[in-house]
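S.K.: Have a peek at my_file_5.txt (compact mmCIF, C-alpha atoms).
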# COMPACT_ATOMS: atom_id res chain seq x y z
CA MET A 4 89.89 -20.88 -9.69
CA THR A 5 90.57 -21.86 -6.15
CA GLY A 6 93.36 -19.56 -5.05
CA LYS A 7 93.54 -17.39 -1.98
CA LEU A 8 94.60 -13.75 -1.80
CA SER A 9 95.57 -12.17 1.50
CA ILE A 10 96.29 -8.47 1.72
CA VAL A 11 98.06 -6.63 4.52
CA MET A 12 96.69 -3.09 4.17
CA PHE A 13 99.07 -0.77 5.99
CA SER A 14 99.45 2.40 3.92
CA GLY A 15 97.09 5.20 4.82
CA THR A 16 97.31 7.49 1.80
CA ALA A 17 94.15 7.78 -0.27
CA ASP A 18 95.67 6.44 -3.50
CA LYS A 19 96.53 3.02 -2.04
CA PHE A 20 92.88 2.28 -1.24
CA ILE A 21 92.13 2.07 -4.96
CA PRO A 22 94.30 -1.02 -5.64
CA LEU A 23 93.02 -2.51 -2.39
CA GLY A 24 89.44 -2.25 -3.67
CA VAL A 25 90.27 -3.33 -7.20
CA LEU A 26 92.33 -6.38 -6.23
CA ALA A 27 89.92 -7.56 -3.52
CA GLN A 28 86.95 -7.20 -5.83
CA ALA A 29 88.65 -8.81 -8.83
CA ALA A 30 89.94 -11.73 -6.76
CA GLY A 31 86.53 -12.21 -5.18
CA ALA A 32 84.84 -12.18 -8.58
CA MET A 33 87.28 -14.86 -9.74
CA GLY A 34 86.21 -17.10 -6.89
CA MET A 35 89.34 -16.61 -4.83
CA GLU A 36 89.20 -16.54 -1.05
CA VAL A 37 90.07 -12.99 0.01
CA ASN A 38 91.35 -11.91 3.43
CA VAL A 39 92.34 -8.33 4.22
CA PHE A 40 94.28 -7.44 7.36
CA VAL A 41 94.05 -3.70 8.03
CA THR A 42 96.79 -2.19 10.15
CA GLY A 43 98.83 0.99 10.62
CA PHE A 44 97.49 4.21 9.19
CA ALA A 45 95.11 2.31 6.94
CA LEU A 46 92.91 1.76 9.99
CA LEU A 47 91.91 5.42 9.62
CA GLY A 48 90.00 4.49 6.48
CA PHE A 49 87.78 2.01 8.29
CA THR A 50 86.50 3.93 11.30
CA LYS A 51 82.90 5.07 11.66
CA LYS A 52 84.22 8.59 12.11
CA LYS A 53 85.22 9.63 8.61
CA ASN A 54 88.89 10.61 8.46
CA GLU A 55 90.11 12.46 5.42
CA LEU A 56 92.82 10.26 3.94
CA PRO A 57 95.78 12.32 2.73
CA PHE A 58 97.09 12.15 -0.81
CA PRO A 59 100.85 11.46 -1.04
CA ASN A 60 102.61 14.83 -1.09
CA GLU A 61 104.68 13.91 -4.14
CA PHE A 62 101.57 13.50 -6.29
CA LYS A 63 99.21 16.00 -4.69
CA ALA A 64 99.11 18.16 -7.83
CA MET A 65 97.65 15.23 -9.77
CA ALA A 66 94.86 14.47 -7.31
CA PRO A 67 92.11 16.64 -8.86
CA ALA A 68 92.71 15.27 -12.39
CA LEU A 69 92.75 11.75 -11.01
CA MET A 70 89.53 12.17 -9.07
CA ASP A 71 88.00 13.64 -12.20
CA GLY A 72 89.16 10.71 -14.30
CA MET A 73 87.65 8.28 -11.81
CA LYS A 74 84.31 10.06 -11.98
CA ARG A 75 84.37 10.19 -15.78
CA GLY A 76 85.39 6.51 -15.93
CA LYS A 77 82.63 5.64 -13.46
CA VAL A 78 85.17 3.90 -11.22
CA GLN A 79 83.52 2.87 -7.97
CA PRO A 80 84.87 4.35 -4.74
CA TRP A 81 87.15 1.91 -2.93
CA ASP A 82 84.70 1.23 -0.12
CA GLU A 83 82.01 0.24 -2.62
CA MET A 84 84.48 -2.16 -4.22
CA LEU A 85 85.23 -3.67 -0.81
CA LYS A 86 81.52 -3.97 -0.08
CA GLU A 87 81.13 -5.99 -3.26
CA ALA A 88 84.18 -8.07 -2.43
CA LYS A 89 82.57 -8.86 0.92
CA GLN A 90 79.36 -9.92 -0.78
CA LEU A 91 81.55 -12.33 -2.72
CA GLY A 92 82.97 -13.69 0.53
CA ALA A 93 85.95 -11.46 1.34
CA LYS A 94 86.77 -10.97 5.01
CA ILE A 95 88.30 -7.78 6.40
CA TYR A 96 90.06 -7.79 9.75
CA ALA A 97 91.54 -4.98 11.83
CA CYS A 98 94.90 -5.62 13.48
CA SER A 99 94.39 -5.97 17.23
CA MET A 100 97.80 -4.55 18.14
CA MET A 101 97.57 -1.40 16.04
CA ALA A 102 93.91 -0.86 16.93
CA GLY A 103 95.00 -0.93 20.57
CA VAL A 104 97.87 1.47 19.92
CA MET A 105 95.50 3.88 18.20
CA GLY A 106 92.85 3.50 20.88
CA LEU A 107 90.29 1.99 18.51
CA LYS A 108 87.74 -0.58 19.69
CA LYS A 109 85.45 -2.88 17.68
CA ASP A 110 82.67 -0.33 18.02
CA ASP A 111 84.79 2.43 16.48
CA PHE A 112 84.98 0.62 13.15
CA GLY A 113 82.44 0.78 10.36
CA PRO A 114 80.65 -2.25 8.90
CA LEU A 115 83.47 -3.19 6.52
CA ILE A 116 85.46 -4.64 9.44
CA ASP A 117 84.42 -8.21 10.27
CA ASP A 118 86.56 -8.64 13.33
CA ILE A 119 89.70 -7.60 15.21
CA VAL A 120 92.43 -10.24 15.08
CA GLY A 121 96.15 -10.65 15.66
CA ALA A 122 98.90 -10.93 13.06
CA ALA A 123 99.43 -14.63 13.78
CA SER A 124 95.79 -15.38 13.11
CA PHE A 125 96.02 -13.51 9.79
CA LEU A 126 99.22 -15.32 8.78
CA GLY A 127 97.58 -18.62 9.62
CA ASN A 128 94.64 -17.80 7.31
CA ALA A 129 97.03 -16.69 4.58
CA GLU A 130 98.90 -19.96 4.41
CA GLY A 131 99.08 -21.62 1.03
CA GLY A 132 97.95 -18.52 -0.84
CA GLN A 133 99.37 -15.27 -2.09
CA VAL A 134 100.04 -12.32 0.18
CA LEU A 135 100.35 -8.65 -0.72
CA PHE A 136 101.53 -5.81 1.47
CA ILE A 137 99.97 -2.52 0.37
CA MET B 16 113.89 -23.09 -11.32
CA THR B 17 110.32 -22.99 -12.49
CA GLY B 18 108.70 -20.38 -10.28
CA LYS B 19 106.63 -17.40 -11.29
CA LEU B 20 106.97 -13.83 -10.00
CA SER B 21 104.18 -11.32 -10.51
CA ILE B 22 104.64 -7.71 -9.53
CA VAL B 23 101.95 -5.07 -9.08
CA MET B 24 103.87 -1.83 -9.67
CA PHE B 25 101.84 0.98 -8.16
CA SER B 26 104.23 3.41 -6.48
CA GLY B 27 105.38 6.28 -8.62
CA THR B 28 108.40 7.59 -6.72
CA ALA B 29 111.73 7.16 -8.48
CA ASP B 30 113.31 4.96 -5.80
CA LYS B 31 110.77 2.15 -6.16
CA PHE B 32 111.66 1.60 -9.81
CA ILE B 33 115.07 0.26 -8.75
CA PRO B 34 113.76 -2.82 -6.90
CA LEU B 35 111.26 -3.31 -9.75
CA GLY B 36 114.12 -3.54 -12.23
CA VAL B 37 116.38 -5.60 -9.99
CA LEU B 38 113.74 -8.16 -9.01
CA ALA B 39 112.34 -8.55 -12.53
CA GLN B 40 115.80 -8.97 -14.01
CA ALA B 41 117.04 -11.35 -11.30
CA ALA B 42 113.90 -13.49 -11.50
CA GLY B 43 114.10 -13.57 -15.30
CA ALA B 44 117.76 -14.59 -15.18
CA MET B 45 116.82 -17.42 -12.82
CA GLY B 46 114.36 -18.76 -15.36
CA MET B 47 111.26 -17.60 -13.53
CA GLU B 48 108.20 -16.43 -15.42
CA VAL B 49 107.85 -12.69 -14.71
CA ASN B 50 104.70 -10.62 -15.09
CA VAL B 51 104.52 -6.94 -14.15
CA PHE B 52 101.21 -5.10 -13.82
CA VAL B 53 101.78 -1.35 -13.86
CA THR B 54 99.09 0.80 -12.29
CA GLY B 55 98.58 4.02 -10.33
CA PHE B 56 101.30 6.65 -10.44
CA ALA B 57 103.80 4.10 -11.71
CA LEU B 58 102.17 4.42 -15.13
CA LEU B 59 103.95 7.79 -15.39
CA GLY B 60 107.25 5.92 -15.69
CA PHE B 61 106.14 4.02 -18.78
CA THR B 62 104.78 6.71 -21.08
CA LYS B 63 106.54 7.81 -24.26
CA LYS B 64 106.47 11.34 -22.89
CA LYS B 65 109.18 11.33 -20.24
CA ASN B 66 107.81 12.31 -16.84
CA GLU B 67 110.23 13.22 -14.11
CA LEU B 68 109.56 10.74 -11.32
CA PRO B 69 109.67 12.41 -7.90
CA PHE B 70 111.93 11.24 -5.12
CA PRO B 71 110.12 10.62 -1.81
CA ASN B 72 110.21 13.87 0.17
CA GLU B 73 111.49 12.14 3.30
CA PHE B 74 114.69 11.04 1.54
CA LYS B 75 115.17 13.83 -0.97
CA ALA B 76 118.41 14.97 0.67
CA MET B 77 119.94 11.56 -0.04
CA ALA B 78 119.05 11.49 -3.74
CA PRO B 79 122.26 13.03 -5.15
CA ALA B 80 124.55 10.70 -3.15
CA LEU B 81 122.43 7.74 -4.19
CA MET B 82 122.47 8.65 -7.88
CA ASP B 83 126.22 9.08 -7.56
CA GLY B 84 126.64 5.69 -5.92
CA MET B 85 124.62 4.07 -8.68
CA LYS B 86 126.83 5.62 -11.32
CA ARG B 87 130.02 4.65 -9.48
CA GLY B 88 128.70 1.11 -8.95
CA LYS B 89 127.70 0.93 -12.62
CA VAL B 90 124.16 -0.02 -11.66
CA GLN B 91 121.97 -0.06 -14.77
CA PRO B 92 119.03 2.33 -14.92
CA TRP B 93 115.74 0.58 -14.09
CA ASP B 94 114.42 0.72 -17.64
CA GLU B 95 117.53 -1.04 -18.93
CA MET B 96 117.03 -3.74 -16.32
CA LEU B 97 113.42 -4.15 -17.43
CA LYS B 98 114.51 -4.33 -21.08
CA GLU B 99 116.80 -7.20 -20.16
CA ALA B 100 114.07 -8.87 -18.14
CA LYS B 101 111.84 -8.66 -21.21
CA GLN B 102 114.54 -10.26 -23.35
CA LEU B 103 114.44 -13.09 -20.82
CA GLY B 104 110.68 -13.38 -21.27
CA ALA B 105 109.17 -10.94 -18.78
CA LYS B 106 105.86 -9.35 -19.72
CA ILE B 107 104.82 -5.87 -18.64
CA TYR B 108 101.18 -4.84 -18.67
CA ALA B 109 99.50 -1.51 -18.02
CA CYS B 110 96.32 -1.55 -15.92
CA SER B 111 93.35 -0.78 -18.17
CA MET B 112 91.32 0.95 -15.47
CA MET B 113 94.03 3.33 -14.28
CA ALA B 114 95.22 4.00 -17.83
CA GLY B 115 91.65 5.04 -18.59
CA VAL B 116 91.43 7.21 -15.49
CA MET B 117 94.67 8.96 -16.44
CA GLY B 118 93.62 9.33 -20.08
CA LEU B 119 96.43 7.09 -21.39
CA LYS B 120 95.99 4.93 -24.48
CA LYS B 121 98.15 2.09 -25.83
CA ASP B 122 99.90 4.53 -28.11
CA ASP B 123 100.90 6.77 -25.20
CA PHE B 124 103.08 4.05 -23.68
CA GLY B 125 106.69 3.32 -24.57
CA PRO B 126 107.96 -0.04 -25.81
CA LEU B 127 108.31 -1.58 -22.34
CA ILE B 128 104.52 -2.04 -22.15
CA ASP B 129 103.37 -5.22 -23.89
CA ASP B 130 99.67 -4.69 -23.52
CA ILE B 131 96.87 -3.06 -21.55
CA VAL B 132 94.94 -5.54 -19.42
CA GLY B 133 92.53 -5.66 -16.49
CA ALA B 134 93.30 -6.63 -12.89
CA ALA B 135 91.43 -9.93 -13.22
CA SER B 136 93.56 -10.94 -16.18
CA PHE B 137 96.71 -10.14 -14.19
CA LEU B 138 95.50 -12.07 -11.14
CA GLY B 139 94.71 -15.03 -13.37
CA ASN B 140 98.27 -15.01 -14.75
CA ALA B 141 99.68 -14.68 -11.25
CA GLU B 142 98.03 -17.81 -9.93
CA GLY B 143 100.30 -20.39 -8.37
CA GLY B 144 103.25 -18.02 -8.09
CA GLN B 145 104.48 -15.24 -5.88
CA VAL B 146 103.07 -11.73 -5.99
CA LEU B 147 104.67 -8.49 -4.86
CA PHE B 148 103.03 -5.09 -4.51
CA ILE B 149 105.60 -2.34 -4.94
CA MET C 15 103.00 -25.04 10.19
CA THR C 16 105.75 -25.40 7.68
CA GLY C 17 105.40 -22.32 5.49
CA LYS C 18 108.04 -19.82 4.53
CA LEU C 19 107.78 -16.04 4.65
CA SER C 20 110.23 -13.86 2.76
CA ILE C 21 110.15 -10.10 3.15
CA VAL C 22 111.79 -7.51 0.91
CA MET C 23 112.23 -4.56 3.27
CA PHE C 24 112.71 -1.47 1.12
CA SER C 25 110.82 1.41 2.72
CA GLY C 26 112.83 3.55 5.10
CA THR C 27 110.14 5.42 7.00
CA ALA C 28 109.87 4.60 10.69
CA ASP C 29 106.28 3.34 10.54
CA LYS C 30 107.04 0.48 8.14
CA PHE C 31 109.50 -1.11 10.56
CA ILE C 32 106.61 -1.99 12.88
CA PRO C 33 104.88 -4.43 10.48
CA LEU C 34 108.31 -5.80 9.58
CA GLY C 35 108.94 -6.68 13.22
CA VAL C 36 105.42 -7.92 13.89
CA LEU C 37 105.18 -10.14 10.81
CA ALA C 38 108.69 -11.59 11.18
CA GLN C 39 108.13 -12.35 14.85
CA ALA C 40 104.64 -13.79 14.38
CA ALA C 41 105.75 -15.97 11.46
CA GLY C 42 108.79 -17.17 13.41
CA ALA C 43 106.63 -18.01 16.43
CA MET C 44 104.36 -20.04 14.14
CA GLY C 45 107.30 -22.13 13.03
CA MET C 46 107.60 -20.57 9.61
CA GLU C 47 110.97 -20.07 7.95
CA VAL C 48 111.56 -16.32 7.79
CA ASN C 49 113.96 -14.51 5.45
CA VAL C 50 114.27 -10.74 5.31
CA PHE C 51 116.08 -8.97 2.49
CA VAL C 52 116.86 -5.39 3.47
CA THR C 53 117.43 -2.94 0.64
CA GLY C 54 116.94 0.71 -0.33
CA PHE C 55 116.41 3.26 2.42
CA ALA C 56 115.56 0.52 4.90
CA LEU C 57 119.29 -0.23 5.13
CA LEU C 58 119.55 2.94 7.21
CA GLY C 59 117.71 1.16 10.00
CA PHE C 60 120.29 -1.60 10.26
CA THR C 61 123.59 0.26 10.47
CA LYS C 62 125.69 0.42 13.64
CA LYS C 63 125.52 4.18 13.35
CA LYS C 64 122.00 5.03 14.49
CA ASN C 65 120.11 6.95 11.80
CA GLU C 66 116.91 8.68 12.75
CA LEU C 67 114.24 7.12 10.56
CA PRO C 68 111.82 9.73 9.26
CA PHE C 69 108.09 9.50 9.78
CA PRO C 70 106.03 9.84 6.56
CA ASN C 71 105.23 13.52 6.10
CA GLU C 72 101.54 12.82 5.54
CA PHE C 73 101.16 11.35 9.04
CA LYS C 74 103.76 13.29 10.99
CA ALA C 75 101.13 14.93 13.17
CA MET C 76 100.06 11.52 14.44
CA ALA C 77 103.54 10.32 15.37
CA PRO C 78 103.57 11.47 19.03
CA ALA C 79 100.18 9.88 19.80
CA LEU C 80 101.27 6.69 18.07
CA MET C 81 104.55 6.46 19.96
CA ASP C 82 102.59 7.08 23.13
CA GLY C 83 100.11 4.34 22.30
CA MET C 84 102.95 1.92 21.66
CA LYS C 85 104.49 2.67 25.03
CA ARG C 86 101.15 2.38 26.81
CA GLY C 87 100.39 -0.88 24.97
CA LYS C 88 103.87 -2.18 25.84
CA VAL C 89 104.55 -2.88 22.16
CA GLN C 90 108.16 -3.91 21.69
CA PRO C 91 110.37 -1.74 19.50
CA TRP C 92 110.80 -3.24 16.01
CA ASP C 93 114.43 -4.20 16.55
CA GLU C 94 113.51 -6.18 19.66
CA MET C 95 110.86 -8.00 17.66
CA LEU C 96 113.43 -8.81 14.98
CA LYS C 97 115.87 -10.03 17.62
CA GLU C 98 113.22 -12.44 18.85
CA ALA C 99 112.42 -13.50 15.30
CA LYS C 100 116.11 -14.27 14.82
CA GLN C 101 116.15 -16.37 17.99
CA LEU C 102 113.33 -18.32 16.35
CA GLY C 103 115.45 -18.84 13.26
CA ALA C 104 114.77 -15.80 11.05
CA LYS C 105 117.59 -14.66 8.79
CA ILE C 106 118.13 -11.04 7.81
CA TYR C 107 120.21 -10.15 4.78
CA ALA C 108 121.38 -6.82 3.41
CA CYS C 109 121.17 -6.32 -0.38
CA SER C 110 124.70 -6.33 -1.81
CA MET C 111 123.89 -3.95 -4.65
CA MET C 112 122.24 -1.24 -2.55
CA ALA C 113 124.80 -1.62 0.25
CA GLY C 114 127.46 -0.94 -2.39
CA VAL C 115 125.55 2.04 -3.77
CA MET C 116 125.25 3.51 -0.27
CA GLY C 117 128.88 2.75 0.57
CA LEU C 118 127.99 0.31 3.36
CA LYS C 119 130.19 -2.67 4.17
CA LYS C 120 129.51 -5.74 6.34
CA ASP C 121 131.21 -4.03 9.25
CA ASP C 122 128.91 -1.00 9.02
CA PHE C 123 125.86 -3.09 9.89
CA GLY C 124 124.66 -3.97 13.37
CA PRO C 125 124.16 -7.51 14.66
CA LEU C 126 120.70 -7.94 13.13
CA ILE C 127 122.24 -8.43 9.68
CA ASP C 128 123.39 -12.01 9.09
CA ASP C 129 125.02 -11.48 5.75
CA ILE C 130 125.16 -9.41 2.58
CA VAL C 131 123.67 -11.21 -0.43
CA GLY C 132 122.37 -10.53 -3.91
CA ALA C 133 118.75 -10.36 -5.06
CA ALA C 134 119.03 -13.65 -6.95
CA SER C 135 120.18 -15.45 -3.82
CA PHE C 136 117.22 -14.00 -1.90
CA LEU C 137 114.74 -14.98 -4.62
CA GLY C 138 116.20 -18.48 -4.63
CA ASN C 139 115.61 -18.77 -0.88
CA ALA C 140 112.11 -17.40 -1.24
CA GLU C 141 110.97 -20.04 -3.69
CA GLY C 142 107.89 -21.97 -2.75
CA GLY C 143 106.87 -19.56 -0.02
CA GLN C 144 105.15 -16.23 0.38
CA VAL C 145 106.88 -12.95 -0.38
CA LEU C 146 106.03 -9.47 0.88
CA PHE C 147 107.46 -6.16 -0.29
CA ILE C 148 107.33 -3.60 2.49
Would you write the structure of this file as structure tokens?
M.R.:
Amino acid sequence: MTGKLSIVMFSGTADKFIPLGVLAQAAGAMGMEVNVFVTGFALLGFTKKKNELPFPNEFKAMAPALMDGMKRGKVQPWDEMLKEAKQLGAKIYACSMMAGVMGLKKDDFGPLIDDIVGAASFLGNAEGGQVLFI
Amino acid sequence: MTGKLSIVMFSGTADKFIPLGVLAQAAGAMGMEVNVFVTGFALLGFTKKKNELPFPNEFKAMAPALMDGMKRGKVQPWDEMLKEAKQLGAKIYACSMMAGVMGLKKDDFGPLIDDIVGAASFLGNAEGGQVLFI
Amino acid sequence: MTGKLSIVMFSGTADKFIPLGVLAQAAGAMGMEVNVFVTGFALLGFTKKKNELPFPNEFKAMAPALMDGMKRGKVQPWDEMLKEAKQLGAKIYACSMMAGVMGLKKDDFGPLIDDIVGAASFLGNAEGGQVLFI
């Protein structure tokens, strides 16, 4: 398998980080090149300072059962999945424009972030592969 | 037309099921191969037990006018659109991990779900085509 | 660069219009063919009548700081970015079905909208390129 998966990670609600982790890890394990471009509210999930990511209001009542199910099913937390994806070669970039808007510098991000780049650079990397917007 | 459209259906608010139905049906009618991978809260739309899908809070006030417009415009309900897409060859899969987390088994899903599969299997099917994350 | 980027713009919250503008403009500047298909609540952003686009409830508290950061960073408003993308060749279409459901006619849309088309026509245009669902 020689495909390439690029993910624009924009959404900042806690639930959306699960498919981010799952898809990045699965694609990495299949030998695909994986590039993640973190922007918008999703940047809050990648700072050294831990921000509590909100659950979408519409599904808040289901959050405890879901968290329980993930524990019971031994589902890895999303950041562990991304760590594994990175060990398989995935790259994770923070969006330079939105980082600037939110006052975040390279040093504010945790070790999951490889670099801060612009949207054009991400789109260039993504060429010829598949792109998801989460 | 020989393309392939793969859709990761994650969002569980009622509005997002409309583009799911429209895109799957349109792509099917154009002769494209269509694969849908249902995960996250969207699984609630595919169980035998009917769950009421919430409208996004931000647009709740518009819901009645929208439902009215759909009736007036004779827009098919999303599950009818998916049924037609399936008659044209579309396949709809439930995500094994999230089904497990939510305690859902094959028998809990309605007839729209063809099978329960993992993310890697879906990504493998998706290769060489276009992928959307809804 | 000869790629093609097609964007289904469905979400109607204010935040999502930023990546729409950024990605369309960046792709246009890279010489990519850009097609945007506006549907769902996102249509509210493209009418002559100015609708106030809501901020997602989960992140409402951050909106003022974000708007401030965008001003300080001299980030263009999303509609300016789209105008530039259009000068670079991008096309923006409104979804005929949802426009009908919402009672919107060609004349109700502002100058960013090139035409009203169906989903099949959009998917046909998108073939062979990358597709995002925002």
S.K.: Would you pick out the contacts of Gly127 in chain A at 9 Å or less, using only C-alpha atoms, so that residues sharing its chain but fewer than 2 positions from it are not included, and give the list as JSON, numbers by chain?
M.R.: {"A": [122, 123, 124, 125, 129, 130], "C": [15, 41, 44]}
S.K.: I need the residues from that last selection saved to file as a PDB file, in the frame of the given file (with C-alpha atoms), if you can.
M.R.:
ATOM      1  CA  ALA A 122      98.900 -10.930  13.060  1.00  0.00           C
ATOM      2  CA  ALA A 123      99.430 -14.630  13.780  1.00  0.00           C
ATOM      3  CA  SER A 124      95.790 -15.380  13.110  1.00  0.00           C
ATOM      4  CA  PHE A 125      96.020 -13.510   9.790  1.00  0.00           C
ATOM      5  CA  ALA A 129      97.030 -16.690   4.580  1.00  0.00           C
ATOM      6  CA  GLU A 130      98.900 -19.960   4.410  1.00  0.00           C
TER       7      GLU A 130
ATOM      8  CA  MET C  15     103.000 -25.040  10.190  1.00  0.00           C
ATOM      9  CA  ALA C  41     105.750 -15.970  11.460  1.00  0.00           C
ATOM     10  CA  MET C  44     104.360 -20.040  14.140  1.00  0.00           C
TER      11      MET C  44
END
S.K.: Provide the CA of Lys88 in chain C to CA of Thr61 in chain C distance in Å, to one decimal place.
M.R.: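 Between CA of Lys88 in chain C and CA of Thr61 in chain C the gap is 25.1 Å.
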S.K.: Can you find the residues with an atom no farther than 8 Å from (88.7, 1.8, 13.8), counting all atoms listed in the file, and report them as a ChimeraX atom specification?
M.R.: /A:46-51,97,102,107-113
S.K.: Using all atoms listed in the file, determine which residues of chain A fall within 6 Å of chain C; present them as a ChimeraX atom specification.
M.R.: /A:104,123,135-136
S.K.: Please list as a list in words every residue within 6 Å of Asn38 in chain A, counting all atoms listed in the file and excluding residues in the same chain fewer than 6 positions away.
M.R.: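 Once the nearby chain positions are removed, what remains is Ser9, Ala93, Lys94 and Ile95 of chain A.
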